[in-house]
Structures are given as structure tokens and as C-alpha cells.
Amino acid sequence: MTNIFAKNRMITFASLALSISLVFVSACSNGNNSTSGNGGALKASSSADSPSSSPASVEANPFEKYEPAIEITTVRSTSARFKFLDGESLDNNAWTRAYENELGIKVKNVWTTDEAQYQNKMNVTIASGDLPDLMFVSPAQFQQLLESDQIEDLTTAYDQYASPFLRKIMEQDANGLMKKAATVDGKMMGITGFGSIEQGTPVIWLRTDWLEQADLPEPTSFDDILNIAEAFKKNHSGAYGIGLNKDLFGGLATIEGIANAYHAYPKIWLKDDSGKLVYGSVQPEMKQTLATLQDMYKRGLIDKEFGVKDGNKIAEDIMNNKIGLIYANFWHPLWPLQEAMNMNSADGMTWKPYPVLSADDQVASPSTTIPVTGYYVIKKGYKHPEAAIKLANLQLKNAWSDEAQAELYNTDKDQTPFYLYPTISMEPPSKNLEAGIAVTEAYQAKDFSKLNEEQKGYYDNVLAYLDNNDIKSFGNALIFGPGGSEMEVLKKYVEENRMKIGEFYGAPVPTQQMKQATLDKLELETFTKIIVGESPIDEFDSFVEKWHKLGGDEITNEINEWNAAQ
Amino acid sequence: MKGLFRRELPFHIMVWPGLLAVLIFSYVPMAGVVIAFQKFIPAKGVFDSQWIGFDNFRFLFQQPDFTQILRNTLVIAIAKIVAGLIASIGFALLLNELGKAFFKRTIQTLVYLPHFLSWIILGGVLIDILSPSEGIVSWALGFLGINSPFFLGSSSWFPFTLVLSDVWKEFGFGAIVYLAALTSIDPTHYEAAVIDGANRWRQTWHVTLPGIAPIVVLMVTLSLGNVLNAGFDQVFILLSPSVMDTGDIIDTWVYRMGLVNAQYGLATAVGLFKSVISSILIITSFVMASKFANYRVF
């Protein structure tokens with residue numbers, strides 16, 4: 001019952017790649033309106049900005065069955081996580097049978113490839129011009145397909161067939177950004193693949209056994225964090241105060257949460273006082289963050305060798321009792337903390353999550369981004385564009401609604417991952433947070449009758465860990481249970497409306513495509529040299545100057561143009 | 001004439017499938033270099049992407065860090081070629097002096113084993129053994145009273161570490177060619193030298209080295225094509241932000257540009273740039289080799 005979390009390690013890389021790529025996602029560029037505009041044969045109602053009130057079309061049955069059955073071709077990425085029951089395959093399983101029996105849609109996979117190769121193969125497929133009817137594409141590919149007018153307008157299909165559940169996700173969850181991200185010039189050009197906003201936030205993970213040993217109170221400010229780091233380093237030979245990853249951003253042991261303490265929001269685009277989108281890493285607050293990090297390095301709170309240590313090395317250090325304090329994400333109990341617990345729980349290792357803390361009297365806001373992972377799009381000219389909407393309707397109904405049959409469509413008791421099979425796979429962005437709240441309430445009331453199948457699995461983990469001290473259930477228990485990261489941290493972030501959400505989610509703007517790599521290198525190199533003290537802190541000012549000169553100004557302008565067009 | 005054709009027919013039948021494969025898989029794809037002159041967009045393909053002339057090259061040369069990257073590439077690649085050559089030849093000569101065949105074979109096998117290890121694995125190993133605080137290398141240096149430098153984290157030591165670890169990994173494998181050349185030297189030359197009163201050192205100088213000279217020239221000639229290849233996988237695995245100024249090479253730059261940012265046109269332009277430089281160097285060295293060492297490849 002680990003569902004999306006089963007891919008622990010992959011997430012390390014994925015989240016890194018994502019955090020890099022997410023910053024430059026785009027839906028619309030102004031230069032090509034004429035071409036993509038002409039192609040969209042279907043009506044582009046001017047009221048599409050408030051879609052629920054769009055009067056243009058009549059609502060139809062979201063699960064209407066095709067008679068006779070139709071065929072839709074698609075392409076898929078697979079991975080080692082895909083496992084099937086005997087005799088089943090991606091072409092024949094509970095989901096394909098449901099599609100055919102309930103909707104009259106026969107899904108045909110033209111090709112499948114390992115997820116590592118999927119983007120490349122998709123690029124080749126796009127270059128060859130031989131597109132399948134339905135495909136999942138990256139934001140950059142979405143942009144290309146739009147420019148070359150190769151995908152179908154889904155506005156009418158969506159207005160007519162979207163189920164209430166799909167509408168809720170697209171239009172209400174995450175402030176309606178999912179629909180907005182897929183809407184270009186008033187037309188809905190795809191179904192957005194989406195993660196959860198709150199899950200991108202930094203979370204502090206602290207070794208509470210060390211904290212007790214040091215006889216320190218729980219941290220309530222960033223100064224407390226510094227004191228704790230100092231104590232950890234002093235009390236444990238070979239230990240560092242705080243873990244730090246050489247990549248600095250995105251994942252395990254990174255600096256976003258430390259920057260948040262100083263109200264700096266590196267790597268994301270936020271509005272300044274004048275309402276203009278600006279890049280967080282070049283704002284003055286970042287200088288204070290780097291000064292603190294430099295000081296921490298000088299005091300030996302940070303590993304002198306962090307410059308060569310990636311996430312896997314950090315994980316080793318955690319397992320070897322060298323790190324008891326990290327800024328990471330809500331899911332890190334699954335990896336590497338679970339493995340660390342397997343090795344060290346006998347010696348008393350325990351962990352607890354905390355929200356990011358402020359260095360002054362203002363509350364710290366955790367930074368995150370809008371997690372657009374890609375788009376499901378329909379090839380231009382395909383006769384039944386509404387089939388995509390119906391596939392999404394059915395997947396949401398069978399997997400996540402009140403009528404969901406988890407045994408059949410999610411995972412069975414042998415952990416066969418049925419949830420990986422759907423042709424279009426979505427989940428409510430707040431699914432995990434809701435699970436965390438429900439599981440915790442159920443645990444406190446000792447009553448799991450209200451839980452769905454997935455939540456029941458987490459409930460069992462919580463019970464096993466808290467009541468029976470089953471270490472193997474630690475990971476899920478520390479996410480979904482009482483005192484877990486969903487309840488203790490993410491719920492607070494959401495309820496107190498504390499998150500600073502990066503507002504740019506389009507495909508890379510033209511100058512980013514050419515210059516982002518250079519600017520990223522400059523940023524990482526400068527920050528690293530400042531932290532290790534090779535460059536003085538004032539080097540930050542010349543970095544900001546260089547950043548603007550080497551393309552930052554153009555990127556800022558283009559991103560603001562993009563924003564104006566939204 | 002007819003007799004000649006009949007005689008050669010089997011050879012033609014044998015050679016044509018190979019030639020065809022080379023044509024299809026090596027020459028036809030070369031047409032793809034045209035995207036170096038395009039703003040290539042996969043959705044539009046080779047035919048509809050916009051032609052932009054030399055803009056990709058201009059952009060490359062205008063990069064603020066281009067000279068630095070080119071310098072790093074040259075320094076690391078040339079140092080690897082020279083050090084690798086010396087180590088391989090030296091090792092082959094020493095091994096050749098050993099008498100016992102079993103001993104010789106065992107050493108040879110042990111020494112070329114690292115060649116088969118992936119840099120992904122070696123990268124992790126190197127980070128551990130070169131760690132200044134707890135690595136075995138720093139412990140050994142400390143035993144000698146030397147303070148261990150931060151091999152992988154200091155800009156000045158990083159290229160040195162790259163070259164040394166690459167030589168360590170590859171010299172055993174490189175020595176195989178020279179060992180083969182050594183066995184092909186006519187033993188009567190040694191007998192003649194001994195009769196002339198030559199000692200071991202003289203024999204090496206006057207018989208062994210001239211005997212393997214053509215192979216050495218050939219290897220040098222071939223390796224000149226690599227002066228812009230500093231070894232992507234090794235550098236990529238070991239590179240970190242603090243050593244970017246001496247460790248970032250053309251290939252890692254292309255990776256960030258071409259794969260991470262999907263600038264295929266630009267990445268192809270860099271590839272073409274590298275190929276042109278390499279071809280020039282190889283042709284030059286062929287000419288030099290035939291002129292000075294009287295060695296002809298063709």
C-alpha cells in the first residue's frame with residue numbers, strides 16, 4: 001500500500017529533475033498565436049476563463065459507452081515497478097477490461113519503453129510525425145505540438161463529458177491551476193498531469209533521540225535549529241550539525257528551507273511588491289541565507305566535504321549516525337530514513353518532522369512550485385477526442401472515488417501495482433493530505449470504518465509501528481500517522497496558508513532554452529564557493545549583476561510576458 | 001578479365017554486406033549534422049526546422065565560460081593521453097622483463113581489471129577513498145606526515161585526480177597492445193645484441209624500443225583524435241559545483257545544453273565542431289607519421 005511512494009529513490013532523481021524543469025514550464029508563447037489559433041477548429045468560447053459557467057455545450061453522460069467499441073492508440077512508459085498477475089499485461093488487465101466493458105474503448109499500446117527512455121522516444125515519435133491518438137507529453141513537447149498545430153482542442157469534449165470529480169480536480173483543487181495550465185488562448189488543449197503543491201515544500205527532519213540526549217527543547221525558531229546543530233556536532237563524534245547535499249536544491253538535505261527562514265525563496269518565480277515576477281535566487285534575502293550557511297560551514301556544522309556528496313552519500317551518512325538534522329521533503333521517511341531505522345532503531349534512533357522555522361519574528365513560508373508534470377493530449381484529427389475525458393473519468397471513479405475498488409484497481413494483497421496500469425492516471429492533489437488526516441483521526445478513535453482501502457493500508461502501518469513497534473512500518477507511519485509529516489507539517493502549511501508558490505509553470509521561455517544551463521551553473525558555483533568561504537559573501541552582489549547581464553533580464557521579461565498572457 | 005571477376009566474386013560477396021552496413025549506419029546518419037545549422041525542433045523535424053546558418057556556433061563561442069571549458073578539456077585530455085601512454089609503455093616494458101609466465105599473466109589480468117569497472121561505481125569508491133577526513137588515502141598520507149588535500153573538492157587538485165584515476169583505470173588495458181608488439185620482435189635481434197655485448201638496458205634501448213616504435217606512433221596518431229574528449233562519464237560522475245572552474249568540459253556542457261535543456265541543434269553544432277578539430281588533428285598526425293616515422297596507416 002505504498003502507492004506513489006513505492007518509487008522512493010526514483011523520486012530523489014525525479015524530484016531533482018522536476019525542480020529543475022518545473023521552473024520553466026510554459027503553455028503559451030505569443031509569437032505563434034496565428035498558427036495555433038487557426039488550427040483549433042472547435043469553438044473557443046470567450047468565457048472559457050470561467051469554464052463552469054460555459055454555456056456553449058450540453059452536458060452528456062460522463063461514462064457513456066461507445067457502441068460499437070472504438071479503438072484508441074497510445075504509448076506508455078514502464079519500469080521495473082510494473083508487475084502483472086499471471087497472463088495479464090499492459091494490454092490485458094483489470095483496467096483495459098474496465099475501459100472496454102464500461103466505456104467501449106479498446107486501448108492499443110503502439111509502443112512501450114522504460115521510463116528513462118520515454119522522453120527521448122517521444123521526441124523521436126514527434127519528429128517522425130507518426131503520432132498515436134493519445135499521448136502523455138512533457139511541457140516542452142506540449143509547446144512544440146501546439147506550435148506545429150498537431151493536437152486537438154478538448155474544450156467541447158471536456159465541457160460535455162467531464163465528470164464532477166474530474167472537474168473538481170481540474171478547476172477547484174490547487175486553485176484551478178490544472179485547467180489553467182492546459183488552457184491556451186482560451187482553449188483546453190490537454191489534461192494536465194499534476195502533483196501536489198504542498199508536497200513540494202521543505203520539511204525539517206530531526207533525530208529526537210539525539211535531541212533528548214542533548215536536553216534541548218523542541219525547536220521553535222531558526223536559532224534553535226542552529227543550537228541543535230551545534231549540540232549534535234559536539235555530542236556525537238564524527239557527526240555534522242546538519243546534512244547538506246552538493247546540489248543544494250531539490251530533495252534530500254537541501255537549502256530551500258534554510259532560505260525560507262530568511263524569507264528567501266530560491267529557484268522559484270514570485271511576484272515582487274510591484275506585481276512583477278522575479279527570480280528568488282537573486283533577491284537580497286538570499287545573501288543573508290548564504291552568509292548564515294558560510295558561518296555554519298566555518299563553525300563546522302556542515303560537512304567540510306559536502307561539495308562532493310550527492311543524495312546517496314547523504315543517505316549513507318544518515319544511516320551511519322553522522323547526520324541528525326536535515327531539510328528535506330514529507331516523503332523522506334520512506335527513503336532513506338526507513339533504511340536508517342532498520343539499521344539503528346535498536347540503538348534508539350527516532351525521527352520527527354517540523355515545519356520550516358523563521359530567523360526573525362515573522363512566520364517562515366515554505367517555498368514550493370506548481371507541479372505540472374506534463375499533459376495528456378489527443379492527436380489532431382482523432383475522431384473521438386472525448387474518449388480521453390472518459391478515460392480520465394473512469395480512472396478517477398475506479399481508483400479514488402467513494403465507489404473505488406482498491407482490491408481490483410489499486411493494489412491487491414500481494415502488492416501487485418494495478419494503480420500503474422491506467423492509460424490516463426490522475427489522483428486528487430490533496431489525496432495524501434486527506435489520507436494523513438483520516439488515518440490519524442481513525443487511529444485516535446481506534447475506528448477505521450471510514451477509511452478507504454488505501455488509507456486502511458496506512459492505518460495498518462501506523463498501528464504496527466506505534467502499537468507494536470514494527471520498525472518496517474516506520475516509513476508510512478511517520479508520513480500518515482499522528483506526528484507524521486502530513487499532519488504535523490503539510491496540514492499546517494495548507495491551513496495557515498503559509499506556502500510561497502512559484503507562479504511560473506509554463507514551458508521554458510526562449511531565452512531559458514538557450515541560457516538557463518549557463519545561469520544555473522553560475523548560481524550553483526557561486527553559492528557553493530560562498531558557503532565554503534572561497535568567495536566572500538559580497539560575491540553575491542556580483543553574481544546578481546552577472547545573472548541579469550547573462551540572460552536573466554531577458555528571461556524575466558519573457559516570463560512576465562507569459563504571465564500577462566495567462 | 002572474366003577470370004579475375006570470377007576469382008574476386010566471393011570476396012565481393014563477403015565485403016559488400018559490411019560496406020552496406022557501414023554506409024547505412026555510419027554515413028547516412030551523417031546527414032543529420034545539418035541540424036547543427038538549424039534551430040531544430042523535433043516536432044517540425046529536419047525539413048521544417050528553421051535554418052539559422054552559423055548561429056549555433058556563434059552562440060557557442062560567445063558563451064562566457066567557453067574559453068574556460070575548452071581549456072579544461074584540452075588540459076585534461078592531453079594530460080590523460082600523455083600520462084596514459086607513458087604508463088602503458090613503461091608497464092609493458094617492465095612486465096616483458098619478467099621471466100615467469102604465470103606471474104606475468106596474473107599481474108596483467110589484475111592490472112587491466114579496473115578497465116571493466118564502470119565510472120558510476122568507481123566514482124562512489126573514489127569519493128570514499130579520497131575523502132580527506134576518513135579516506136584511506138588521507139590516512140596513508142597522514143602516516144607520512146602529509147596533510148591530505150581535498151582531491152575531489154579543490155579546483156587545483158581536481159584535474160590531477162581525474163588524470164591519475166583515469167590512468168590507473170586504463171593503463172593495464174592499454175599495455176595489452178604493447179605487450180603484443182613486444183612478442184612480435186624477432187628474438188634473433190636480441191641474440192645479435194647480446195653477442196655485440198649489449199646489457200639489458202642497451203637491449204631495451206636499441207632493440208625493444210625501435211621494435212615497438214611503429215605501434216607507439218600508431219597509438220599516438222590514433223589518440224590525437226581524442227584531444228577534445230576528456231572522458232564524459234568520469235568527469236560527469238566526479239564533477240561538483242566547487243570544481244566547475246577547472247573540471248567542466250565540453251561534453252558536460254553539451255549534456256546540460258543538449259539533454260537537460262533539449263537544445264539539439266546546439267549540441268550537434270558542438271559535436272560537429274569537435275569532429276572537425278579531431279579530423280584535422282588526425283590527418284595532420286597521419287602526414288607527420290608517414291613523414292618522420294615512415295609509418296603509413298593506409
# chains A, B, ... in the order shown; residues from 1 in each chain; ligands from 1
>>> residues_around(residues="region 124-131 of chain B", least_positions_apart="3", cutoff="8 Å", atoms="only C-alpha atoms", output="VMD selection string")
(chain A and resid 305 308) or (chain B and resid 120 to 121 134 to 138 150 to 152)
>>> write_last_selection(atoms="N, CA, C and O atoms", output="compact mmCIF listing (two decimals), in the first residue's frame")
# COMPACT_ATOMS: atom_id res chain seq x y z
N GLU A 305 33.22 18.24 3.48
CA GLU A 305 33.28 17.60 2.16
C GLU A 305 31.93 17.55 1.48
O GLU A 305 31.72 16.77 0.56
N VAL A 308 31.17 17.22 -2.51
CA VAL A 308 31.20 16.04 -3.38
C VAL A 308 30.10 15.04 -3.03
O VAL A 308 30.05 13.96 -3.60
N ILE B 120 30.50 4.82 -12.82
CA ILE B 120 29.43 5.02 -11.85
C ILE B 120 29.86 4.40 -10.51
O ILE B 120 29.71 5.00 -9.45
N ILE B 121 30.42 3.21 -10.58
CA ILE B 121 30.84 2.51 -9.36
C ILE B 121 32.13 3.14 -8.83
O ILE B 121 32.24 3.49 -7.66
N GLU B 134 38.27 10.80 6.21
CA GLU B 134 38.28 9.40 6.61
C GLU B 134 38.71 8.45 5.50
O GLU B 134 38.56 7.24 5.64
N GLY B 135 39.19 8.98 4.37
CA GLY B 135 39.60 8.12 3.28
C GLY B 135 40.91 7.41 3.58
O GLY B 135 41.73 7.88 4.38
N ILE B 136 41.11 6.29 2.92
CA ILE B 136 42.32 5.51 3.16
C ILE B 136 43.55 6.25 2.64
O ILE B 136 44.65 6.16 3.20
N VAL B 137 43.36 7.05 1.58
CA VAL B 137 44.48 7.79 1.01
C VAL B 137 44.98 8.84 2.00
O VAL B 137 46.18 9.01 2.21
N SER B 138 44.02 9.55 2.62
CA SER B 138 44.45 10.59 3.55
C SER B 138 45.10 9.96 4.79
O SER B 138 46.03 10.50 5.37
N PHE B 150 42.09 18.02 -0.60
CA PHE B 150 40.74 17.60 -0.92
C PHE B 150 40.71 17.31 -2.44
O PHE B 150 40.36 18.14 -3.24
N PHE B 151 41.11 16.07 -2.78
CA PHE B 151 41.34 15.73 -4.19
C PHE B 151 40.16 16.05 -5.10
O PHE B 151 40.33 16.52 -6.21
N LEU B 152 38.95 15.77 -4.61
CA LEU B 152 37.79 15.94 -5.49
C LEU B 152 37.07 17.26 -5.26
O LEU B 152 36.16 17.60 -6.01
>>> closest_atom_pairs(of="chain A", to="chain B", cutoff="7 Å", atoms="only C-alpha atoms", output="Markdown table")
| residue | atom | partner | partner_atom | distance |
| --- | --- | --- | --- | --- |
| A:Asn123 | CA | B:Pro42 | CA | 6.0 |
| A:Ile126 | CA | B:Ala43 | CA | 4.9 |
| A:Ala127 | CA | B:Pro42 | CA | 4.6 |
| A:Gln144 | CA | B:Ala43 | CA | 5.9 |
| A:Leu145 | CA | B:Ala43 | CA | 6.4 |
| A:Ser148 | CA | B:Lys44 | CA | 6.8 |
| A:Lys246 | CA | B:Ser240 | CA | 7.0 |
| A:Gly307 | CA | B:Gly153 | CA | 6.2 |
| A:Val308 | CA | B:Ser240 | CA | 5.8 |
| A:Gln513 | CA | B:Asn261 | CA | 5.8 |
| A:Ala517 | CA | B:Arg256 | CA | 6.0 |
| A:Leu524 | CA | B:Pro241 | CA | 6.0 |
| A:Glu525 | CA | B:Pro241 | CA | 4.8 |
| A:Thr528 | CA | B:Ser242 | CA | 6.0 |
| A:Lys529 | CA | B:Ser242 | CA | 6.2 |
>>> select_by_dssp(residues="region 284-478 of chain A", states="strand (DSSP E or B)", output="list in words")
Ile302, Ile323, Leu325, Ile326, Tyr327, Ala328, Trp351, Lys352, Pro353, Tyr354, Ser367, Thr368, Thr369, Val372, Thr373, Gly374, Tyr375, Tyr376, Val377, Ile378, Lys379, Thr411 and Pro417 of chain A
>>> residues_around(residues="Ile81 (chain B)", least_positions_apart="6", cutoff="12 Å", atoms="only C-alpha atoms", output="list in words")
Leu74, Val75, Ala87, Ser88, Val163, Leu164, Asp166, Val167, Glu170, Phe171, Gly174, Met219, Val220, Thr221, Leu222, Ser223, Leu224, Gly225, Asn226, Val227, Leu228, Asn229, Ala230 and Gly231 of chain B
>>> closest_residue(among="A:Gly374, A:Gly243, A:Gly502, A:Gly176", to="Ile191 (chain A)", atoms="only C-alpha atoms")
A:Gly374
>>> closest_residue(among="B:Ser156, B:Asn96, B:Ser285, B:Thr161", to="Thr208 (chain B)", atoms="only C-alpha atoms")
B:Asn96
>>> decode(residues="region 489-503 of chain A", atoms="C-alpha atoms", output="mmCIF file, in the first residue's frame")
data_model
loop_
_atom_site.group_PDB
_atom_site.id
_atom_site.type_symbol
_atom_site.label_atom_id
_atom_site.label_comp_id
_atom_site.auth_asym_id
_atom_site.auth_seq_id
_atom_site.Cartn_x
_atom_site.Cartn_y
_atom_site.Cartn_z
ATOM 1 C CA VAL A 489 3.748 19.858 8.729
ATOM 2 C CA LEU A 490 1.843 19.857 5.434
ATOM 3 C CA LYS A 491 -1.563 20.289 7.075
ATOM 4 C CA LYS A 492 -0.262 23.354 8.921
ATOM 5 C CA TYR A 493 1.252 24.777 5.753
ATOM 6 C CA VAL A 494 -2.067 24.449 3.945
ATOM 7 C CA GLU A 495 -4.384 25.528 6.748
ATOM 8 C CA GLU A 496 -2.317 28.529 7.721
ATOM 9 C CA ASN A 497 -1.950 29.395 4.044
ATOM 10 C CA ARG A 498 1.790 29.770 4.513
ATOM 11 C CA MET A 499 3.188 28.445 1.260
ATOM 12 C CA LYS A 500 5.011 30.621 -1.243
ATOM 13 C CA ILE A 501 4.133 29.012 -4.539
ATOM 14 C CA GLY A 502 6.322 29.643 -7.580
ATOM 15 C CA GLU A 503 3.999 31.162 -10.124
#
